[in-house]
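Source file: work06.txt. Holds: compact mmCIF, C-alpha atoms.
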# COMPACT_ATOMS: atom_id res chain seq x y z
CA MET A 1 86.80 -158.03 -132.20
CA ALA A 2 83.80 -159.83 -133.73
CA LYS A 3 82.06 -160.08 -130.36
CA ALA A 4 82.69 -156.39 -129.65
CA ASP A 5 81.47 -155.30 -133.09
CA LYS A 6 78.29 -157.30 -132.54
CA LEU A 7 77.66 -155.60 -129.19
CA THR A 8 77.84 -152.14 -130.78
CA LYS A 9 75.49 -152.84 -133.70
CA LEU A 10 71.78 -152.25 -133.26
CA SER A 11 69.28 -154.83 -134.48
CA PHE A 12 65.68 -155.94 -133.92
CA THR A 13 66.85 -157.81 -130.83
CA ARG A 14 69.41 -155.21 -129.64
CA TRP A 15 68.03 -151.69 -129.28
CA ASN A 16 70.95 -150.28 -127.32
CA ALA A 17 74.65 -150.71 -127.94
CA ASP A 18 76.58 -152.27 -125.03
CA TRP A 19 79.66 -150.05 -125.25
CA LYS A 20 80.98 -151.01 -121.82
CA SER A 21 81.26 -154.70 -122.64
CA ALA A 22 82.40 -154.00 -126.19
CA THR A 23 85.18 -151.67 -125.01
CA ALA A 24 86.63 -154.32 -122.71
CA LEU A 25 86.68 -156.76 -125.64
CA TYR A 26 88.33 -154.21 -127.98
CA GLU A 27 91.00 -153.62 -125.33
CA GLN A 28 91.66 -157.35 -125.00
CA ALA A 29 91.90 -157.66 -128.78
CA ALA A 30 94.28 -154.68 -129.03
CA ILE A 31 96.65 -156.13 -126.46
CA ALA A 32 96.57 -159.57 -128.08
CA TYR A 33 97.20 -158.16 -131.56
CA ARG A 34 100.07 -156.02 -130.29
CA PHE A 35 101.60 -159.04 -128.53
CA ARG A 36 101.42 -160.90 -131.86
CA LYS A 37 103.01 -157.85 -133.55
CA ASP A 38 100.00 -157.52 -135.85
CA ASN A 39 100.27 -153.75 -135.69
CA GLU A 40 97.63 -152.91 -138.29
CA LYS A 41 94.90 -154.82 -136.43
CA ALA A 42 96.18 -153.63 -133.05
CA LYS A 43 95.92 -150.02 -134.26
CA ASP A 44 92.33 -150.53 -135.39
CA ALA A 45 91.45 -152.24 -132.10
CA PHE A 46 92.91 -149.38 -130.03
CA GLU A 47 91.00 -146.86 -132.14
CA LYS A 48 87.74 -148.76 -131.49
CA ALA A 49 88.61 -149.10 -127.79
CA SER A 50 89.11 -145.33 -127.69
CA LYS A 51 85.70 -144.81 -129.29
CA GLY A 52 84.23 -147.12 -126.66
CA GLN A 53 85.81 -145.19 -123.78
CA GLU A 54 84.46 -141.99 -125.31
CA MET A 55 80.96 -143.50 -125.49
CA ILE A 56 81.07 -144.48 -121.80
CA SER A 57 82.32 -140.99 -120.84
CA SER A 58 85.92 -141.88 -120.01
CA PRO A 59 87.98 -139.38 -122.05
CA TRP A 60 91.21 -140.10 -120.15
CA ASP A 61 91.23 -143.77 -121.20
CA ALA A 62 90.07 -142.76 -124.68
CA ALA A 63 93.15 -140.53 -124.93
CA LYS A 64 95.48 -143.31 -123.80
CA HIS A 65 94.13 -145.65 -126.48
CA MET A 66 94.51 -142.93 -129.13
CA GLU A 67 98.15 -142.49 -128.15
CA ASN A 68 98.68 -146.25 -128.52
CA ALA A 69 97.08 -146.08 -131.96
CA GLY A 70 99.36 -143.18 -132.86
CA ALA A 71 102.48 -145.10 -131.81
CA LEU A 72 101.40 -148.08 -133.93
CA ALA A 73 100.63 -145.82 -136.90
CA LYS A 74 104.22 -144.56 -136.64
CA GLU A 75 105.52 -148.15 -136.70
CA LEU A 76 103.44 -148.73 -139.83
CA GLY A 77 104.63 -145.52 -141.50
CA LEU A 78 101.10 -144.09 -141.72
CA TRP A 79 102.19 -140.50 -141.18
CA ASN A 80 98.83 -138.78 -141.75
CA GLU A 81 97.24 -141.06 -139.18
CA VAL A 82 100.02 -140.36 -136.67
CA SER A 83 99.10 -136.67 -136.58
CA ASP A 84 95.37 -137.41 -136.45
CA PHE A 85 95.62 -139.90 -133.57
CA TYR A 86 97.82 -137.69 -131.40
CA ARG A 87 95.64 -134.64 -132.05
CA ARG A 88 92.54 -136.61 -131.02
CA ALA A 89 94.34 -137.85 -127.91
CA SER A 90 95.16 -134.25 -127.05
CA GLU A 91 91.51 -133.26 -127.42
CA PHE A 92 90.44 -136.01 -125.01
CA TYR A 93 93.00 -134.84 -122.43
CA ARG A 94 91.65 -131.31 -122.79
CA GLU A 95 88.18 -132.64 -122.07
CA CYS A 96 89.66 -133.83 -118.77
CA GLY A 97 90.97 -130.32 -118.13
CA ARG A 98 94.59 -131.54 -118.33
CA SER A 99 96.72 -129.22 -120.44
CA GLN A 100 100.03 -130.94 -119.65
CA PRO A 101 99.13 -134.42 -121.03
CA ALA A 102 97.28 -132.69 -123.89
CA SER A 103 100.48 -130.84 -124.81
CA ASP A 104 102.58 -133.98 -124.30
CA ALA A 105 100.42 -135.89 -126.78
CA LEU A 106 100.97 -133.24 -129.46
CA ALA A 107 104.70 -133.23 -128.70
CA LYS A 108 104.85 -137.02 -129.11
CA GLY A 109 103.18 -136.66 -132.50
CA ALA A 110 105.60 -133.90 -133.48
CA SER A 111 108.62 -135.95 -132.46
CA ALA A 112 107.34 -138.93 -134.46
CA LEU A 113 106.88 -136.78 -137.58
CA GLU A 114 110.09 -134.69 -137.53
CA ASP A 115 111.81 -136.71 -140.26
CA LYS A 116 108.85 -137.77 -142.42
CA ALA A 117 106.46 -134.80 -142.15
CA PRO A 118 108.44 -131.88 -140.66
CA GLU A 119 105.91 -129.19 -141.63
CA GLU A 120 103.17 -130.96 -139.69
CA ALA A 121 105.62 -131.53 -136.83
CA THR A 122 106.22 -127.78 -136.50
CA LYS A 123 102.45 -127.19 -136.32
CA LEU A 124 102.12 -129.80 -133.58
CA TYR A 125 104.98 -128.22 -131.60
CA ASP A 126 103.36 -124.80 -132.01
CA ASP A 127 99.99 -126.07 -130.78
CA ALA A 128 101.65 -127.94 -127.89
CA CYS A 129 103.33 -124.72 -126.73
CA THR A 130 100.12 -122.72 -127.10
CA LEU A 131 98.20 -125.16 -124.88
CA LEU A 132 100.68 -124.64 -122.04
CA GLU A 133 100.84 -120.88 -122.57
CA GLU A 134 97.07 -120.61 -122.36
CA ASP A 135 97.15 -122.48 -119.06
CA GLY A 136 99.95 -120.35 -117.61
CA LYS A 137 102.41 -123.26 -117.66
CA GLU A 138 105.06 -121.73 -119.91
CA GLN A 139 107.90 -123.25 -117.91
CA MET A 140 106.74 -126.72 -118.96
CA ALA A 141 107.10 -125.70 -122.63
CA PHE A 142 110.81 -124.75 -122.65
CA ASP A 143 111.95 -128.01 -124.27
CA LEU A 144 109.16 -127.74 -126.85
CA TYR A 145 110.26 -124.24 -127.91
CA ARG A 146 113.81 -125.54 -128.36
CA ALA A 147 112.67 -128.62 -130.28
CA ALA A 148 110.57 -126.50 -132.64
CA ALA A 149 113.41 -124.02 -133.18
CA SER A 150 115.83 -126.86 -133.90
CA LEU A 151 113.45 -128.33 -136.47
CA TYR A 152 113.02 -124.94 -138.18
CA VAL A 153 116.82 -124.66 -138.43
CA LYS A 154 116.92 -128.08 -140.15
CA LEU A 155 114.28 -126.78 -142.56
CA GLU A 156 116.41 -123.63 -143.08
CA LYS A 157 113.51 -121.47 -141.90
CA TYR A 158 115.73 -119.26 -139.80
CA SER A 159 113.25 -116.46 -139.06
CA ASP A 160 110.81 -119.01 -137.64
CA ALA A 161 113.59 -120.61 -135.60
CA ALA A 162 114.59 -117.25 -134.13
CA ALA A 163 110.94 -116.43 -133.43
CA PHE A 164 110.60 -119.59 -131.32
CA HIS A 165 113.68 -118.63 -129.30
CA LEU A 166 112.19 -115.19 -128.71
CA ARG A 167 108.95 -116.87 -127.68
CA LEU A 168 110.97 -118.97 -125.23
CA GLY A 169 112.56 -115.77 -123.93
CA SER A 170 109.14 -114.24 -123.33
CA ALA A 171 107.94 -117.37 -121.54
CA ALA A 172 111.08 -117.45 -119.42
CA ASP A 173 110.50 -113.83 -118.46
CA LYS A 174 107.09 -114.74 -117.03
CA CYS A 175 108.70 -117.53 -115.00
CA ASN A 176 111.65 -115.41 -113.82
CA ALA A 177 113.96 -117.92 -115.50
CA VAL A 178 116.62 -115.32 -116.33
CA ASN A 179 119.34 -117.72 -117.51
CA SER A 180 116.99 -119.47 -119.95
CA GLN A 181 115.75 -116.08 -121.15
CA CYS A 182 119.27 -114.79 -121.86
CA LYS A 183 120.28 -118.00 -123.66
CA ALA A 184 117.15 -117.78 -125.81
CA TYR A 185 117.87 -114.18 -126.81
CA LEU A 186 121.50 -114.93 -127.71
CA SER A 187 120.33 -117.96 -129.72
CA ALA A 188 117.96 -115.79 -131.75
CA ILE A 189 120.72 -113.26 -132.50
CA ILE A 190 123.12 -116.01 -133.62
CA ILE A 191 120.47 -117.54 -135.89
CA TYR A 192 119.90 -114.18 -137.59
CA LEU A 193 123.66 -113.78 -138.10
CA TYR A 194 123.91 -117.30 -139.49
CA ALA A 195 121.13 -116.41 -141.97
CA HIS A 196 123.15 -113.35 -143.13
CA ASP A 197 120.54 -110.97 -141.66
CA PHE A 198 122.75 -108.55 -139.74
CA GLN A 199 120.10 -105.84 -139.55
CA GLN A 200 117.59 -108.17 -137.94
CA ALA A 201 120.27 -109.45 -135.55
CA GLN A 202 121.05 -105.87 -134.55
CA LYS A 203 117.36 -105.05 -134.09
CA CYS A 204 116.86 -108.22 -132.05
CA TYR A 205 119.84 -107.29 -129.85
CA ASN A 206 118.51 -103.77 -129.29
CA ASP A 207 115.03 -105.06 -128.40
CA CYS A 208 116.36 -107.71 -126.03
CA SER A 209 118.66 -105.20 -124.35
CA GLU A 210 115.53 -103.46 -123.08
CA VAL A 211 115.31 -106.38 -120.64
CA GLN A 212 117.46 -105.65 -117.60
CA GLY A 213 118.34 -109.28 -116.98
CA PHE A 214 119.77 -109.64 -120.48
CA LEU A 215 121.54 -106.26 -120.43
CA SER A 216 123.78 -107.32 -117.55
CA SER A 217 124.37 -110.92 -118.70
CA ASP A 218 127.30 -112.83 -120.18
CA GLN A 219 125.06 -113.59 -123.16
CA ASN A 220 124.64 -109.86 -123.82
CA ARG A 221 128.40 -109.31 -123.75
CA CYS A 222 128.89 -112.20 -126.15
CA ALA A 223 126.26 -110.82 -128.55
CA MET A 224 127.82 -107.36 -128.37
CA LYS A 225 131.25 -108.77 -129.28
CA LEU A 226 129.78 -110.67 -132.21
CA LEU A 227 127.92 -107.68 -133.58
CA SER A 228 130.93 -105.37 -133.14
CA ALA A 229 133.12 -107.84 -135.01
CA TYR A 230 130.55 -107.97 -137.82
CA GLU A 231 130.50 -104.17 -138.01
CA GLU A 232 134.30 -104.18 -138.32
CA GLY A 233 134.22 -106.99 -140.89
CA ASP A 234 136.68 -108.90 -138.69
CA ALA A 235 136.26 -112.62 -139.43
CA GLU A 236 138.89 -113.72 -136.90
CA GLU A 237 137.26 -111.75 -134.09
CA ILE A 238 133.88 -113.28 -135.01
CA LYS A 239 135.39 -116.76 -134.74
CA ARG A 240 136.91 -115.88 -131.35
CA ALA A 241 133.59 -114.52 -130.07
CA ALA A 242 131.85 -117.68 -131.30
CA GLN A 243 134.08 -119.71 -128.97
CA SER A 244 132.75 -117.82 -125.94
CA SER A 245 131.71 -119.86 -122.92
CA ALA A 246 128.26 -118.21 -123.16
CA ILE A 247 127.71 -120.10 -126.43
CA ASN A 248 128.77 -123.48 -125.04
CA HIS A 249 125.36 -123.97 -123.39
CA LEU A 250 123.12 -123.14 -126.35
CA ASP A 251 122.22 -126.68 -127.45
CA HIS A 252 121.74 -126.92 -131.23
CA VAL A 253 122.74 -123.27 -131.80
CA ILE A 254 126.37 -124.06 -130.91
CA ARG A 255 126.76 -125.71 -134.32
CA LEU A 256 125.58 -122.56 -136.09
CA ALA A 257 127.78 -120.28 -134.00
CA ARG A 258 130.88 -122.33 -134.80
CA LYS A 259 130.24 -121.79 -138.52
CA LEU A 260 130.17 -117.99 -138.25
CA PRO A 261 130.85 -115.83 -140.14
CA THR A 262 128.62 -116.62 -143.11
CA GLY A 263 127.77 -114.21 -145.91
CA ASP A 264 129.65 -111.15 -147.18
CA LEU A 265 131.26 -109.35 -144.25
CA GLN A 266 132.45 -106.43 -146.38
CA ALA A 267 128.87 -105.76 -147.54
CA ILE A 268 127.76 -105.58 -143.91
CA LYS A 269 130.65 -103.26 -143.06
CA LYS A 270 129.66 -100.96 -145.93
CA ASP A 271 126.02 -100.92 -144.87
CA VAL A 272 126.94 -100.09 -141.28
CA GLY A 273 129.49 -97.47 -142.30
CA GLY A 274 127.08 -95.85 -144.71
CA ASP A 275 129.68 -95.30 -147.45
CA ASP A 276 128.52 -92.08 -149.12
CA GLY A 277 130.58 -92.84 -152.19
CA ASP A 278 128.24 -95.62 -153.20
CA SER A 279 125.54 -94.79 -155.70
CA LEU A 280 121.96 -95.43 -154.69
CA ASP A 281 120.76 -98.90 -155.59
CA GLU A 282 117.10 -98.53 -156.54
CA ASP A 283 116.47 -102.22 -155.90
CA ASP A 284 117.83 -102.06 -152.37
CA LEU A 285 116.29 -99.38 -150.21
CA THR A 286 117.19 -100.92 -146.83
What would the structure in this file look like if it were written as structure tokens?
Amino acid sequence: MAKADKLTKLSFTRWNADWKSATALYEQAAIAYRFRKDNEKAKDAFEKASKGQEMISSPWDAAKHMENAGALAKELGLWNEVSDFYRRASEFYRECGRSQPASDALAKGASALEDKAPEEATKLYDDACTLLEEDGKEQMAFDLYRAAASLYVKLEKYSDAAAFHLRLGSAADKCNAVNSQCKAYLSAIIIYLYAHDFQQAQKCYNDCSEVQGFLSSDQNRCAMKLLSAYEEGDAEEIKRAAQSSAINHLDHVIRLARKLPTGDLQAIKKDVGGDDGDSLDEDDLT
């Protein structure tokens, strides 16, 4: 490290930094520190090695070193640095014109931060998906949409979770992945029902039914049974519908479906039936 630092500092006898030689030394130091399990010094060495690769116009290797630094920052519990390192790695991959590794780097950062900094993790997942969408590689983002939606459910941000499933459905539509599209739409509807938002679930169902592939699917029939049971206020029928085989392949949404119904079923039944005997509630104009 000392030799490398000396090679990068200008002096009366050194007018140009020797980044090529210094980078090789930083890399050697990083590997040696990591072998010794001195993670703090290894992290710093990888960060300097990345800077060196950037200076000698090798963004791919710079990105790799940033990812190593990010992994070590996770081991050290330096959560702010984890996000920063993986974001910088992603930028280097983008310089190489490689959207897939750039997205992967953000996803690694998101996965590392799910428990300790979930809000930042959701942003990283969002950016990772956007990178692939912009490059027309939506199919490579399917697992990222699901991971983001699952994290939003843990955070009890159900509208955001449903939105990511709908985003997955849109991406699947572009890839002609009909089964994934139908599963995504049913997942969104179930999440709205779990969050006691029957009206939004109904609207989501109506919008998704505009898609021919969904209209003729098992997932559509399952959603229709669920919504009908909600309209009737029939808790037992809801539980039966939630055991449908169409729900058995919905990953993390299965757990939510098995807990249905939630909320006040009779209130939903009244809203749907439009009971004229009720007086107008000025605070509720839905």
(message) Could you tell me how far atom CA of Arg258 of chain A sits from atom CA of Gly233 of chain A, in Å to one decimal place?
(response) 16.8 Å
(message) Nearest residue to Ser83 of chain A out of A:Ser111, A:Ser180, A:Ser209, A:Ser57, using only C-alpha atoms?
(response)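 Distance minimum relative to Ser83 of chain A lands on A:Ser111.
Atom CA of Gly52 of chain A sits 14.7 Å away from atom CA of Glu67 of chain A.
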(request) Kindly give the distance, in Å, that separates atom CA of Tyr33 of chain A and atom CA of Tyr93 of chain A, rounded to a single decimal. (result) 25.4 Å
(request) Could you check which of A:Tyr185, A:Trp79, A:Phe198, A:Phe164 is closest to Val211 of chain A, using only C-alpha atoms? (result)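 The answer is A:Tyr185, which sits nearest to Val211 of chain A.
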(message) Which residues are close to Tyr205 of chain A, i.e. within 9 Å by all atoms listed in the file, leaving aside same-chain residues fewer than 6 positions away? Reply as a ChimeraX atom specification.
(response) /A:185-186,188-189,220,223-224,227
(request) Quick one: everything within 9 Å of segment 165-178 of chain A, counting all atoms listed in the file, minus sequence neighbours fewer than 4 positions away in the same chain. Send it as a ChimeraX atom specification. (result) /A:133,137-139,141-142,145-146,149,160-161,182-188,208,213-214
So that all listed atoms of segment 130-133 of chain A fit with 4 Å spare on each side, what axis-aligned box centre and edge lengths in Å, to one decimal, would you give as AutoDock Vina command-line options?
--center_x 99.5 --center_y -123.0 --center_z -124.6 --size_x 10.6 --size_y 12.3 --size_z 13.1
(request) Name the residues in contact with Leu76 of chain A at a cut-off of 12 Å, using only C-alpha atoms, excluding same-chain residues fewer than 6 positions from it; report them as an MDAnalysis selection string. (result) chainID A and resid 37:43 69:70 82 112
(message) I want to know what sits within 12 Å of Lys157 of chain A, based on only C-alpha atoms, with residues of the same chain fewer than 5 positions away left out; could you give that as JSON, numbers by chain?
(response) {"A": [118, 119, 122, 148, 149, 150, 151, 152, 162, 163, 164, 191, 192, 194, 195]}
(message) Given all atoms listed in the file as the basis, pick out the residue of A:Lys3, A:His196, A:Lys225, A:His252 nearest to Lys239 of chain A.
(response)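 Of all the options, A:Lys225 lies closest to Lys239 of chain A.
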(message) Please list, as a ChimeraX atom specification, the residues that have an atom at most 10 Å away from (134.6, -107.4, -146.7) in the coordinates of this file, counting only C-alpha atoms.
(response) /A:230,232-235,263-270
Write the selection just made, keeping C-alpha atoms, as a CSV table (one decimal), in the frame of the given file?
chain,number,residue,atom,x,y,z
A,230,TYR,CA,130.6,-108.0,-137.8
A,232,GLU,CA,134.3,-104.2,-138.3
A,233,GLY,CA,134.2,-107.0,-140.9
A,234,ASP,CA,136.7,-108.9,-138.7
A,235,ALA,CA,136.3,-112.6,-139.4
A,263,GLY,CA,127.8,-114.2,-145.9
A,264,ASP,CA,129.6,-111.2,-147.2
A,265,LEU,CA,131.3,-109.4,-144.2
A,266,GLN,CA,132.4,-106.4,-146.4
A,267,ALA,CA,128.9,-105.8,-147.5
A,268,ILE,CA,127.8,-105.6,-143.9
A,269,LYS,CA,130.6,-103.3,-143.1
A,270,LYS,CA,129.7,-101.0,-145.9
(request) Compare A:Met55, A:Ala117, A:Ala2, A:Leu226 by their minimum atom-to-atom distance to Asp18 of chain A, counting all atoms listed in the file, and give me the closest one. (result)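 Under the stated criterion, the closest residue is A:Met55.
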Extract, using only C-alpha atoms, all DNA, RNA and protein residues at most 7 Å from Ala121 of chain A, discarding same-chain residues fewer than 6 positions from it, and format them as a CSV table (one decimal) with C-alpha atoms, in the coordinates of the input.
chain,number,residue,atom,x,y,z
A,110,ALA,CA,105.6,-133.9,-133.5
A,111,SER,CA,108.6,-136.0,-132.5
A,113,LEU,CA,106.9,-136.8,-137.6
A,114,GLU,CA,110.1,-134.7,-137.5
Completion step: segment 41-62 of chain A with N, CA and C atoms as a tab-separated table (two decimals), in the frame of the given file:
chain	number	residue	atom	x	y	z
A	41	LYS	N	96.12	-154.46	-137.15
A	41	LYS	CA	94.90	-154.82	-136.43
A	41	LYS	C	94.91	-154.27	-135.01
A	42	ALA	N	96.08	-154.21	-134.41
A	42	ALA	CA	96.18	-153.63	-133.05
A	42	ALA	C	95.79	-152.16	-133.09
A	43	LYS	N	96.26	-151.45	-134.11
A	43	LYS	CA	95.92	-150.02	-134.26
A	43	LYS	C	94.41	-149.84	-134.37
A	44	ASP	N	93.77	-150.64	-135.21
A	44	ASP	CA	92.33	-150.53	-135.39
A	44	ASP	C	91.59	-150.85	-134.09
A	45	ALA	N	92.10	-151.85	-133.36
A	45	ALA	CA	91.45	-152.24	-132.10
A	45	ALA	C	91.57	-151.12	-131.06
A	46	PHE	N	92.74	-150.49	-130.98
A	46	PHE	CA	92.91	-149.38	-130.03
A	46	PHE	C	92.01	-148.20	-130.41
A	47	GLU	N	91.87	-147.96	-131.71
A	47	GLU	CA	91.00	-146.86	-132.14
A	47	GLU	C	89.55	-147.15	-131.73
A	48	LYS	N	89.12	-148.40	-131.90
A	48	LYS	CA	87.74	-148.76	-131.49
A	48	LYS	C	87.60	-148.73	-129.97
A	49	ALA	N	88.64	-149.15	-129.26
A	49	ALA	CA	88.61	-149.10	-127.79
A	49	ALA	C	88.50	-147.66	-127.32
A	50	SER	N	89.19	-146.75	-128.03
A	50	SER	CA	89.11	-145.33	-127.69
A	50	SER	C	87.69	-144.81	-127.90
A	51	LYS	N	87.10	-145.21	-129.02
A	51	LYS	CA	85.70	-144.81	-129.29
A	51	LYS	C	84.78	-145.32	-128.18
A	52	GLY	N	85.04	-146.55	-127.73
A	52	GLY	CA	84.23	-147.12	-126.66
A	52	GLY	C	84.37	-146.33	-125.37
A	53	GLN	N	85.60	-145.97	-125.00
A	53	GLN	CA	85.81	-145.19	-123.78
A	53	GLN	C	85.15	-143.81	-123.89
A	54	GLU	N	85.16	-143.26	-125.10
A	54	GLU	CA	84.46	-141.99	-125.31
A	54	GLU	C	82.96	-142.16	-125.09
A	55	MET	N	82.41	-143.26	-125.59
A	55	MET	CA	80.96	-143.50	-125.49
A	55	MET	C	80.53	-143.74	-124.04
A	56	ILE	N	81.44	-144.26	-123.20
A	56	ILE	CA	81.07	-144.48	-121.80
A	56	ILE	C	81.64	-143.37	-120.90
A	57	SER	N	81.92	-142.23	-121.56
A	57	SER	CA	82.32	-140.99	-120.84
A	57	SER	C	83.59	-141.17	-120.02
A	58	SER	N	84.61	-141.74	-120.66
A	58	SER	CA	85.92	-141.88	-120.01
A	58	SER	C	87.00	-141.32	-120.94
A	59	PRO	N	87.06	-139.98	-121.08
A	59	PRO	CA	87.98	-139.38	-122.05
A	59	PRO	C	89.45	-139.66	-121.75
A	60	TRP	N	89.81	-139.84	-120.48
A	60	TRP	CA	91.21	-140.10	-120.15
A	60	TRP	C	91.68	-141.41	-120.79
A	61	ASP	N	90.87	-142.48	-120.60
A	61	ASP	CA	91.23	-143.77	-121.20
A	61	ASP	C	91.13	-143.72	-122.72
A	62	ALA	N	90.18	-142.92	-123.23
A	62	ALA	CA	90.07	-142.76	-124.68
A	62	ALA	C	91.36	-142.15	-125.23
